[in-house]
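Next comes start-v7.txt, with compact mmCIF, C-alpha atoms.
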# COMPACT_ATOMS: atom_id res chain seq x y z
CA MET Y 23 -32.69 23.53 -71.19
CA LEU Y 24 -31.58 26.08 -73.76
CA LEU Y 25 -28.46 25.33 -75.77
CA VAL Y 26 -26.36 28.22 -77.02
CA SER Y 27 -24.47 27.76 -80.27
CA ASP Y 28 -21.58 29.74 -81.75
CA HIS Y 29 -23.00 29.29 -85.21
CA PRO Y 30 -25.49 31.97 -86.34
CA GLU Y 31 -27.23 29.59 -88.73
CA TYR Y 32 -28.55 27.57 -85.80
CA LYS Y 33 -31.43 29.41 -84.16
CA PRO Y 34 -32.04 28.67 -80.46
CA THR Y 35 -35.39 27.19 -79.54
CA PRO Y 36 -37.03 28.48 -76.36
CA ASN Y 37 -37.79 26.11 -73.51
CA PRO Y 38 -41.53 26.24 -72.65
CA GLU Y 39 -40.83 25.52 -68.95
CA TYR Y 40 -38.32 28.34 -68.67
CA ARG Y 41 -39.63 31.62 -67.31
CA ALA Y 42 -37.83 34.88 -68.02
CA ASP Y 43 -38.11 36.13 -64.44
CA SER Y 44 -36.48 33.09 -62.88
CA GLY Y 45 -33.71 30.64 -63.47
CA ALA Y 46 -35.80 27.53 -62.76
CA PRO Y 47 -39.30 26.48 -63.78
CA GLY Y 48 -42.00 27.61 -61.41
CA THR Y 49 -39.85 29.74 -59.05
CA GLY Y 50 -40.27 33.45 -58.66
CA SER Y 51 -36.69 34.55 -58.11
CA THR Y 52 -33.25 33.69 -59.23
CA ALA Y 53 -30.63 32.58 -56.80
CA GLY Y 54 -27.06 33.57 -57.39
CA GLY Y 55 -27.58 37.02 -58.88
CA GLY Y 56 -29.55 36.08 -61.98
CA THR Y 57 -27.09 33.60 -63.41
CA GLY Y 58 -29.11 30.50 -62.60
CA SER Y 59 -30.43 28.37 -59.80
CA PHE Y 60 -30.89 24.81 -58.73
CA GLY Y 61 -34.44 23.75 -59.29
CA GLN Y 62 -36.25 20.51 -59.95
CA ALA Y 63 -34.78 20.18 -63.43
CA GLY Y 64 -31.19 20.83 -62.29
CA TYR Y 65 -29.02 23.84 -62.95
CA GLN Y 66 -30.34 26.17 -65.62
CA GLN Y 67 -28.40 29.10 -66.94
CA THR Y 68 -30.04 32.28 -68.18
CA PRO Y 69 -29.18 32.86 -71.81
CA SER Y 70 -27.42 36.02 -72.81
CA PHE Y 71 -27.54 36.70 -76.53
CA PRO Y 72 -25.78 39.76 -77.92
CA SER Y 73 -27.91 42.12 -79.91
CA PRO Y 74 -27.16 42.45 -83.63
CA GLU Y 75 -25.40 45.76 -82.95
CA GLN Y 76 -23.08 44.12 -80.40
CA GLN Y 77 -22.09 41.17 -82.57
CA GLN Y 78 -18.63 41.31 -84.02
CA PRO Y 79 -18.30 41.25 -87.80
CA ALA Y 80 -17.31 37.92 -89.28
CA TYR Y 81 -13.82 38.08 -90.74
CA PRO Y 82 -12.51 35.38 -93.04
CA GLN Y 83 -10.41 32.98 -91.06
CA GLN Y 84 -6.79 32.38 -91.86
CA PRO Y 85 -6.09 29.05 -93.54
CA TYR Y 86 -4.50 27.34 -90.58
CA GLY Y 87 -3.71 23.68 -90.70
CA PRO Y 88 -1.48 21.46 -92.73
CA PRO Y 89 -0.29 22.45 -96.18
CA PRO Y 90 -1.70 20.45 -99.09
CA LEU Y 91 -0.31 16.99 -99.72
CA PRO Y 92 2.52 17.19 -102.26
CA PRO Y 93 2.28 14.91 -105.30
CA THR Y 94 3.87 11.49 -104.90
CA ASN Y 95 5.36 11.69 -108.42
CA ALA Y 96 4.85 7.96 -108.89
CA GLY Y 97 5.00 8.52 -112.66
CA TRP Y 98 8.59 9.67 -112.34
CA ALA Y 99 9.35 6.56 -110.29
CA VAL Y 100 7.90 4.41 -113.09
CA ALA Y 101 10.01 6.37 -115.60
CA ALA Y 102 13.06 5.55 -113.49
CA LEU Y 103 12.07 1.88 -113.58
CA VAL Y 104 11.64 1.86 -117.36
CA PHE Y 105 14.64 3.96 -118.38
CA PHE Y 106 17.29 3.22 -115.72
CA TRP Y 107 16.15 0.65 -113.19
CA PRO Y 108 18.96 1.08 -110.58
CA LEU Y 109 17.51 4.50 -109.68
CA ALA Y 110 13.99 3.05 -109.45
CA PHE Y 111 14.62 1.54 -106.00
CA SER Y 112 15.35 4.91 -104.47
CA ALA Y 113 12.63 6.66 -106.52
CA PHE Y 114 9.91 4.25 -105.37
CA ASN Y 115 11.16 4.46 -101.78
CA HIS Y 116 10.88 8.26 -101.79
CA SER Y 117 7.55 8.15 -103.62
CA SER Y 118 6.02 5.81 -101.06
CA SER Y 119 7.23 7.91 -98.13
CA VAL Y 120 5.44 11.14 -99.16
CA PHE Y 121 2.07 10.43 -97.52
CA PRO Y 122 3.40 8.86 -94.30
CA ARG Y 123 5.70 11.82 -93.70
CA TRP Y 124 2.92 14.30 -94.45
CA SER Y 125 0.45 12.53 -92.16
CA LEU Y 126 2.99 12.55 -89.30
CA GLY Y 127 3.41 16.30 -89.68
CA ASP Y 128 6.80 16.23 -91.42
CA TYR Y 129 5.64 18.54 -94.21
CA GLN Y 130 9.15 19.55 -95.23
CA GLY Y 131 10.23 15.90 -95.40
CA ALA Y 132 7.17 15.01 -97.52
CA HIS Y 133 7.98 17.84 -99.92
CA TYR Y 134 11.61 16.70 -100.08
CA ALA Y 135 10.57 13.10 -100.84
CA SER Y 136 8.25 14.30 -103.61
CA GLU Y 137 10.91 16.48 -105.20
CA ARG Y 138 13.56 13.76 -104.84
CA THR Y 139 11.32 11.27 -106.67
CA LYS Y 140 10.92 13.72 -109.56
CA GLN Y 141 14.66 14.39 -109.55
CA LEU Y 142 15.53 10.69 -109.70
CA GLY Y 143 13.07 10.13 -112.56
CA LYS Y 144 14.66 12.96 -114.53
CA TYR Y 145 18.14 11.62 -113.80
CA SER Y 146 17.10 8.24 -115.16
CA LEU Y 147 15.93 9.91 -118.38
CA TYR Y 148 19.20 11.81 -118.69
CA ILE Y 149 21.25 8.66 -118.09
CA PHE Y 150 19.13 6.73 -120.60
CA GLY Y 151 19.61 9.49 -123.18
CA ALA Y 152 23.38 9.52 -122.62
CA LEU Y 153 23.65 5.72 -122.81
CA PHE Y 154 21.49 5.66 -125.94
CA ALA Y 155 23.71 8.31 -127.56
CA LEU Y 156 26.81 6.26 -126.64
CA PHE Y 157 25.14 3.15 -128.08
CA ILE Y 158 24.40 4.90 -131.39
CA LEU Y 159 27.93 6.33 -131.49
CA PHE Y 160 29.35 2.87 -130.84
CA TYR Y 161 27.36 1.40 -133.73
CA VAL Y 162 28.39 4.24 -136.05
CA VAL Y 163 32.04 3.58 -135.21
CA ILE Y 164 31.65 -0.20 -135.69
CA ILE Y 165 29.93 0.29 -139.06
CA ALA Y 166 32.56 2.81 -140.15
CA VAL Y 167 35.36 0.40 -139.20
CA ALA Y 168 33.61 -2.47 -140.98
CA VAL Y 169 33.10 -0.43 -144.15
CA SER Y 170 36.67 0.83 -144.18
CA ALA Y 171 38.06 -2.64 -143.50
CA GLY Y 172 35.81 -4.21 -146.14
CA SER Y 173 36.88 -1.80 -148.87
CA SER Y 174 40.59 -2.52 -148.33
CA TYR Y 175 40.30 -6.16 -149.44
CA THR Y 176 41.12 -6.91 -153.05
CA TYR Y 177 39.54 -9.83 -154.79

Hey, can you dump this file as structure tokens for me?
Amino acid sequence: MLLVSDHPEYKPTPNPEYRADSGAPGTGSTAGGGTGSFGQAGYQQTPSFPSPEQQQPAYPQQPYGPPPLPPTNAGWAVAALVFFWPLAFSAFNHSSSVFPRWSLGDYQGAHYASERTKQLGKYSLYIFGALFALFILFYVVIIAVAVSAGSSYTY
């Protein structure tokens, strides 16, 4: 039996029992108008290969399918854990939901989870920076008060 492939790199191999003038081995005519017949080997179909002039040109196919997996931004979740741990719970939750959402076909939800993880990591850095600045300001005020109070004493 001859197998026909859609791929041009696979060359068909001829069947030695198949005769060009018939659809079945050893018979002299084709039943059914030349499309094939029932013989001893079962139903055999006559191959029809287009000539090189009739073949359609190969166009590049459009990239159909899912979009690429967005990054999980796990580094931003770790930054949230290090710099402001209350945001880390939400950051790790969003980070761990990127791949499951993408694999279920929720590509927009996966992208949102990825971006939200990055956003929460940045927020934790901003909050840490603000708290650190307040901490330094607090110490500057305490030192200034201590110095001014210490200089007012007379011995």

Worksheet item: If you measure from atom CA of Y:Leu103 to atom CA of Y:Gln130, what distance in Å do you get, rounded to one decimal?
Response: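 Between atom CA of Y:Leu103 and atom CA of Y:Gln130 the gap is 25.6 Å.
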
Practice prompt. Find the residues near Y:Arg123: any atom within 7 Å, counting only C-alpha atoms, skip ones fewer than 6 places away on the same chain, and give them as JSON, numbers by chain.
Written response: {"Y": [129, 131, 132]}

Worksheet entry | Atomic separation - atom CA of Y:Ala152 relative to atom CA of Y:Val169, Å |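 Calculated distance between atom CA of Y:Val169 and atom CA of Y:Ala152 is 25.6 Å.
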
Worksheet item: Out of Y:Val120, Y:Leu142, Y:Leu153, Y:Leu159, which residue has the shortest atom-to-atom distance to Y:Trp98 when counting all atoms listed in the file?
Response: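 For Y:Trp98, the nearest of the given residues is Y:Leu142.
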
Worksheet item: For Y:Gly143, which residue out of Y:Ala113, Y:Val167, Y:Phe121, Y:Val162 is the nearest one, using all atoms listed in the file?
Response: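 Going through Y:Ala113, Y:Val167, Y:Phe121, Y:Val162 one by one, the smallest distance to Y:Gly143 is for Y:Ala113.
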
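We find atom CA of Y:Ala101 and atom CA of Y:Lys140 to be spaced 9.6 Å apart.
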
Worksheet entry | Close residues, Y:Ala102 itself excluded, 10 Å, only C-alpha atoms, min 2 positions apart in chain, as a PyMOL selection string | chain Y and resi 96-100+104-114+139-147+149-150

Taking N, CA, C and O atoms as the atom set, what does stretch 142-167 of chain Y look like once completed, written as a PDB file, keeping the file's coordinate frame?
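This went into rebuild_14.pdb:
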ATOM      1  N   LEU Y 142      14.993  11.987-109.318  1.00  0.00           N
ATOM      2  CA  LEU Y 142      15.530  10.690-109.700  1.00  0.00           C
ATOM      3  C   LEU Y 142      14.951  10.208-111.038  1.00  0.00           C
ATOM      4  O   LEU Y 142      15.646   9.587-111.844  1.00  0.00           O
ATOM      5  N   GLY Y 143      13.672  10.481-111.276  1.00  0.00           N
ATOM      6  CA  GLY Y 143      13.070  10.130-112.560  1.00  0.00           C
ATOM      7  C   GLY Y 143      13.714  10.884-113.705  1.00  0.00           C
ATOM      8  O   GLY Y 143      13.965  10.329-114.775  1.00  0.00           O
ATOM      9  N   LYS Y 144      14.003  12.174-113.489  1.00  0.00           N
ATOM     10  CA  LYS Y 144      14.660  12.960-114.530  1.00  0.00           C
ATOM     11  C   LYS Y 144      16.093  12.488-114.751  1.00  0.00           C
ATOM     12  O   LYS Y 144      16.561  12.413-115.889  1.00  0.00           O
ATOM     13  N   TYR Y 145      16.784  12.153-113.661  1.00  0.00           N
ATOM     14  CA  TYR Y 145      18.140  11.620-113.800  1.00  0.00           C
ATOM     15  C   TYR Y 145      18.146  10.335-114.621  1.00  0.00           C
ATOM     16  O   TYR Y 145      19.034  10.109-115.438  1.00  0.00           O
ATOM     17  N   SER Y 146      17.151   9.491-114.397  1.00  0.00           N
ATOM     18  CA  SER Y 146      17.100   8.240-115.160  1.00  0.00           C
ATOM     19  C   SER Y 146      16.889   8.520-116.649  1.00  0.00           C
ATOM     20  O   SER Y 146      17.455   7.825-117.502  1.00  0.00           O
ATOM     21  N   LEU Y 147      16.097   9.540-116.974  1.00  0.00           N
ATOM     22  CA  LEU Y 147      15.930   9.910-118.380  1.00  0.00           C
ATOM     23  C   LEU Y 147      17.229  10.441-118.970  1.00  0.00           C
ATOM     24  O   LEU Y 147      17.582  10.110-120.116  1.00  0.00           O
ATOM     25  N   TYR Y 148      17.936  11.268-118.215  1.00  0.00           N
ATOM     26  CA  TYR Y 148      19.200  11.810-118.690  1.00  0.00           C
ATOM     27  C   TYR Y 148      20.224  10.697-118.914  1.00  0.00           C
ATOM     28  O   TYR Y 148      20.931  10.675-119.923  1.00  0.00           O
ATOM     29  N   ILE Y 149      20.299   9.771-117.965  1.00  0.00           N
ATOM     30  CA  ILE Y 149      21.250   8.660-118.090  1.00  0.00           C
ATOM     31  C   ILE Y 149      20.872   7.782-119.290  1.00  0.00           C
ATOM     32  O   ILE Y 149      21.743   7.352-120.053  1.00  0.00           O
ATOM     33  N   PHE Y 150      19.565   7.521-119.451  1.00  0.00           N
ATOM     34  CA  PHE Y 150      19.130   6.730-120.600  1.00  0.00           C
ATOM     35  C   PHE Y 150      19.503   7.426-121.910  1.00  0.00           C
ATOM     36  O   PHE Y 150      19.983   6.794-122.847  1.00  0.00           O
ATOM     37  N   GLY Y 151      19.263   8.735-121.965  1.00  0.00           N
ATOM     38  CA  GLY Y 151      19.610   9.490-123.180  1.00  0.00           C
ATOM     39  C   GLY Y 151      21.106   9.426-123.465  1.00  0.00           C
ATOM     40  O   GLY Y 151      21.527   9.248-124.620  1.00  0.00           O
ATOM     41  N   ALA Y 152      21.927   9.570-122.430  1.00  0.00           N
ATOM     42  CA  ALA Y 152      23.380   9.520-122.620  1.00  0.00           C
ATOM     43  C   ALA Y 152      23.822   8.123-123.055  1.00  0.00           C
ATOM     44  O   ALA Y 152      24.663   7.986-123.971  1.00  0.00           O
ATOM     45  N   LEU Y 153      23.284   7.087-122.421  1.00  0.00           N
ATOM     46  CA  LEU Y 153      23.650   5.720-122.810  1.00  0.00           C
ATOM     47  C   LEU Y 153      23.170   5.394-124.217  1.00  0.00           C
ATOM     48  O   LEU Y 153      23.873   4.703-124.971  1.00  0.00           O
ATOM     49  N   PHE Y 154      21.995   5.887-124.585  1.00  0.00           N
ATOM     50  CA  PHE Y 154      21.490   5.660-125.940  1.00  0.00           C
ATOM     51  C   PHE Y 154      22.373   6.354-126.965  1.00  0.00           C
ATOM     52  O   PHE Y 154      22.678   5.795-128.028  1.00  0.00           O
ATOM     53  N   ALA Y 155      22.808   7.585-126.647  1.00  0.00           N
ATOM     54  CA  ALA Y 155      23.710   8.310-127.560  1.00  0.00           C
ATOM     55  C   ALA Y 155      25.038   7.570-127.690  1.00  0.00           C
ATOM     56  O   ALA Y 155      25.592   7.457-128.805  1.00  0.00           O
ATOM     57  N   LEU Y 156      25.571   7.049-126.582  1.00  0.00           N
ATOM     58  CA  LEU Y 156      26.810   6.260-126.640  1.00  0.00           C
ATOM     59  C   LEU Y 156      26.607   4.987-127.458  1.00  0.00           C
ATOM     60  O   LEU Y 156      27.511   4.575-128.212  1.00  0.00           O
ATOM     61  N   PHE Y 157      25.461   4.369-127.322  1.00  0.00           N
ATOM     62  CA  PHE Y 157      25.140   3.150-128.080  1.00  0.00           C
ATOM     63  C   PHE Y 157      25.109   3.439-129.573  1.00  0.00           C
ATOM     64  O   PHE Y 157      25.690   2.698-130.381  1.00  0.00           O
ATOM     65  N   ILE Y 158      24.458   4.519-129.971  1.00  0.00           N
ATOM     66  CA  ILE Y 158      24.400   4.900-131.390  1.00  0.00           C
ATOM     67  C   ILE Y 158      25.799   5.243-131.891  1.00  0.00           C
ATOM     68  O   ILE Y 158      26.194   4.834-132.999  1.00  0.00           O
ATOM     69  N   LEU Y 159      26.568   5.987-131.105  1.00  0.00           N
ATOM     70  CA  LEU Y 159      27.930   6.330-131.490  1.00  0.00           C
ATOM     71  C   LEU Y 159      28.785   5.078-131.662  1.00  0.00           C
ATOM     72  O   LEU Y 159      29.572   4.971-132.609  1.00  0.00           O
ATOM     73  N   PHE Y 160      28.612   4.134-130.757  1.00  0.00           N
ATOM     74  CA  PHE Y 160      29.350   2.870-130.840  1.00  0.00           C
ATOM     75  C   PHE Y 160      29.019   2.135-132.142  1.00  0.00           C
ATOM     76  O   PHE Y 160      29.911   1.640-132.828  1.00  0.00           O
ATOM     77  N   TYR Y 161      27.747   2.068-132.493  1.00  0.00           N
ATOM     78  CA  TYR Y 161      27.360   1.400-133.730  1.00  0.00           C
ATOM     79  C   TYR Y 161      27.876   2.143-134.964  1.00  0.00           C
ATOM     80  O   TYR Y 161      28.277   1.520-135.954  1.00  0.00           O
ATOM     81  N   VAL Y 162      27.862   3.466-134.927  1.00  0.00           N
ATOM     82  CA  VAL Y 162      28.390   4.240-136.050  1.00  0.00           C
ATOM     83  C   VAL Y 162      29.871   3.945-136.231  1.00  0.00           C
ATOM     84  O   VAL Y 162      30.364   3.750-137.361  1.00  0.00           O
ATOM     85  N   VAL Y 163      30.611   3.883-135.126  1.00  0.00           N
ATOM     86  CA  VAL Y 163      32.040   3.580-135.210  1.00  0.00           C
ATOM     87  C   VAL Y 163      32.257   2.164-135.730  1.00  0.00           C
ATOM     88  O   VAL Y 163      33.129   1.932-136.588  1.00  0.00           O
ATOM     89  N   ILE Y 164      31.509   1.195-135.240  1.00  0.00           N
ATOM     90  CA  ILE Y 164      31.650  -0.200-135.690  1.00  0.00           C
ATOM     91  C   ILE Y 164      31.344  -0.307-137.181  1.00  0.00           C
ATOM     92  O   ILE Y 164      32.074  -0.974-137.936  1.00  0.00           O
ATOM     93  N   ILE Y 165      30.298   0.340-137.640  1.00  0.00           N
ATOM     94  CA  ILE Y 165      29.930   0.290-139.060  1.00  0.00           C
ATOM     95  C   ILE Y 165      31.003   0.978-139.899  1.00  0.00           C
ATOM     96  O   ILE Y 165      31.387   0.491-140.977  1.00  0.00           O
ATOM     97  N   ALA Y 166      31.521   2.098-139.406  1.00  0.00           N
ATOM     98  CA  ALA Y 166      32.560   2.810-140.150  1.00  0.00           C
ATOM     99  C   ALA Y 166      33.820   1.955-140.258  1.00  0.00           C
ATOM    100  O   ALA Y 166      34.476   1.904-141.321  1.00  0.00           O
ATOM    101  N   VAL Y 167      34.183   1.274-139.170  1.00  0.00           N
ATOM    102  CA  VAL Y 167      35.360   0.400-139.200  1.00  0.00           C
ATOM    103  C   VAL Y 167      35.124  -0.762-140.142  1.00  0.00           C
ATOM    104  O   VAL Y 167      36.026  -1.156-140.918  1.00  0.00           O
TER     105      VAL Y 167
END
